[in-house]
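Undergrad: Quick one: this structure, given as structure tokens, is what I'll be asking you about.
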Amino acid sequence: MNYIWDLVIRAKRAGIAKKDIQFKAAKVYSPYMELSHEAINAKTVEKTVEVNPYYRFDDIFRDLFDANYSDDAELRHTLFDIIVHLLAEIDLSQGMNKREYHIRFVLRDLEAGLFGSRVQENIRLFTKEEREIIAGNILRLYETGEAVYLLKDTMRKIFSHSTIYANCEEKDELLIYVGQSESETAHAKLTLIKDIFLPVRFHTEIYWRNHFGILDVEETMQIDSVALY
């Protein structure tokens with residue numbers, strides 16, 4: 001971890017907001033590193049981070065911390081923190097492609113309630129990676145219209161043991177085996193996935209821990225563990 005963009009990404013994964021990180025100009029630093037850690041191989045994120053301002057941004061900071069100027073120290077330190085935050089944002093944006101920008105726009109719409117108040121409330125239950133999976137599949141839904149396939153894909157990535165069976169001979173029905181115990185959070189997550197990807201014409205039957213019995217499939221025919229269809 002040697003760059004401000006790397007630190008910001010790690011902080012987000014650790015649940016630390018960018019606004020809670022304070023950047024300070026390091027008094028002692030290596031000329032070969034941007035971040036000045038006490039431990040050179042540090043992997044944890046501290047909320048106060050010392051930065052070597054001359055590693056990549058000498059043109060910006062060479063005059064701000066002139067050794068012959070000591071006035072307005074508090075103002076200069078505040079400006080340094082603001083500028084480094086801005087530079088970190090630019091770093092992150094430069095590493096994004098067009099699709100990643102679109103995923104961010106979809107995430108913003110999800111969190112703003114454009115997909116409905118229930119989706120807005122339930123999206124908060126997902127991790128960052130899970131939200132990006134959902135947003136990415138929403139983009140694919142716009143592009144391909146393959147709602148049932150993307151419902152299956154999203155379920156498998158969020159609920160790793162899930163399986164979806166289609167019963168379309170007599171009616172449009174999906175049998176959804178979640179593969180875990182039912183809980184309030186899991187139920188809310190499943191509801192969100194159905195709200196976004198389930199076609200209106202389909203009816204669903206949900207099975208949580210116990211699978212419905214399938215002839216000749218031994219794993220589904222265990223005594224006291226068979227759900228009724």
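In the structure tokens, chains take the letters A, B, ... in the order shown, each chain's residues start at 1, and ligands count up from 1 in the order shown.
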Neighbours of Asn137 in chain A within 12 Å (only C-alpha atoms; same-chain residues fewer than 2 positions away dropped), as a ChimeraX atom specification?

TA: /A:99,102-103,106-107,130-135,139-155,157,193,196-197

Undergrad: So that I can see what lies close to range 58-63 of chain A, please list as a list of chain:residue names the residues with an atom at most 12 Å from it, counting only C-alpha atoms and leaving out residues fewer than 3 positions away in the same chain.

TA: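 Selected residues are A:Ala25, A:Pro31, A:Glu34, A:Val51, A:Asn52, A:Pro53, A:Tyr54, A:Tyr55, A:Asp66, A:Ala67, A:Asn68, A:Tyr69, A:Ser70, A:Arg76, A:His77, A:Leu79, A:Phe80, A:Asp81, A:Ile83, A:Val84, A:Leu87.
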
Undergrad: So which bits of range 27-226 of chain A end up strand (DSSP E) when you DSSP the backbone, as a PyMOL selection string?

TA: chain A and resi 48-51+163-167+173-177+203-207+211-212+226

Undergrad: Which residues come within 12 Å of Gly113 in chain A, counting only C-alpha atoms, excluding same-chain residues fewer than 6 positions away, as a PyMOL selection string?

TA: chain A and resi 106-107+119-124

Undergrad: Name the residues of chain A that come out as alpha helix (DSSP H) in a backbone DSSP run; write them as a PyMOL selection string.

TA: chain A and resi 4-13+58-61+73-94+98-112+117-122+128-144+147-158+184-197

Undergrad: Under the rule that only C-alpha atoms are counted, which of A:Arg118, A:Lys98, A:Arg104, A:Lys47 is the nearest residue to Arg10 in chain A?

TA: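 That would be A:Lys47, the residue with the smallest distance to Arg10 in chain A.
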
Undergrad: Which is closer to Leu190 in chain A than all the others in A:Lys171, A:Lys24, A:Lys12, A:Arg156, using only C-alpha atoms?

TA: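 Going through A:Lys171, A:Lys24, A:Lys12, A:Arg156 one by one, the smallest distance to Leu190 in chain A is for A:Arg156.
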
Undergrad: Quick one: distance from CA of Glu169 in chain A to CA of Lys194 in chain A in Å, one decimal?

TA: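 So the answer is 21.5 Å.
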
Undergrad: CA of Phe115 in chain A and CA of Ile9 in chain A are how many Å apart?

TA: 27.0 Å

Undergrad: To one decimal in Å, tell me the separation between CA of Glu173 in chain A and CA of Pro199 in chain A.

TA: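 Between CA of Glu173 in chain A and CA of Pro199 in chain A the gap is 10.5 Å.
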
Undergrad: Taking only C-alpha atoms into account, which of A:Phe65, A:Trp5, A:Phe126, A:Tyr101 comes nearest Lys189 in chain A?

TA: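 Distance minimum relative to Lys189 in chain A lands on A:Phe126.
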
Undergrad: For His37 in chain A, which of A:Leu110, A:Ala17, A:Leu7, A:Ile206 is the closest residue, counting only C-alpha atoms?

TA: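 With only C-alpha atoms as the atom set, the closest residue is A:Leu7.
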
Undergrad: May I have the residues within 10 Å of Val178 in chain A as a ChimeraX atom specification, using only C-alpha atoms and disregarding those fewer than 6 positions away in the same chain?

TA: /A:155-156,158-164,186-187,190,206-211

Undergrad: Write the residues you've just listed into a file as a compact mmCIF listing (two decimals), in the first residue's frame, and include C-alpha atoms for each of them.

TA:
# COMPACT_ATOMS: atom_id res chain seq x y z
CA MET A 155 -28.99 -15.21 -7.03
CA ARG A 156 -25.97 -17.47 -7.53
CA ILE A 158 -25.39 -13.37 -3.71
CA PHE A 159 -26.58 -16.76 -2.40
CA SER A 160 -23.79 -19.13 -3.43
CA HIS A 161 -25.80 -22.34 -2.77
CA SER A 162 -28.96 -21.24 -4.56
CA THR A 163 -30.59 -22.98 -7.52
CA ILE A 164 -33.54 -21.85 -9.65
CA ALA A 186 -31.76 -12.78 3.72
CA HIS A 187 -35.48 -12.37 3.05
CA LEU A 190 -34.15 -11.95 -1.92
CA ILE A 206 -39.30 -20.10 -2.31
CA TYR A 207 -37.43 -22.88 -0.51
CA TRP A 208 -34.83 -21.94 2.09
CA ARG A 209 -32.84 -24.63 3.87
CA ASN A 210 -34.82 -27.71 2.80
CA HIS A 211 -34.92 -28.65 -0.89

Undergrad: Taking only C-alpha atoms into account, which of A:Ile21, A:Ala73, A:Ala112, A:Leu64 comes nearest Thr48 in chain A?

TA: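 Closest candidate: A:Ile21.
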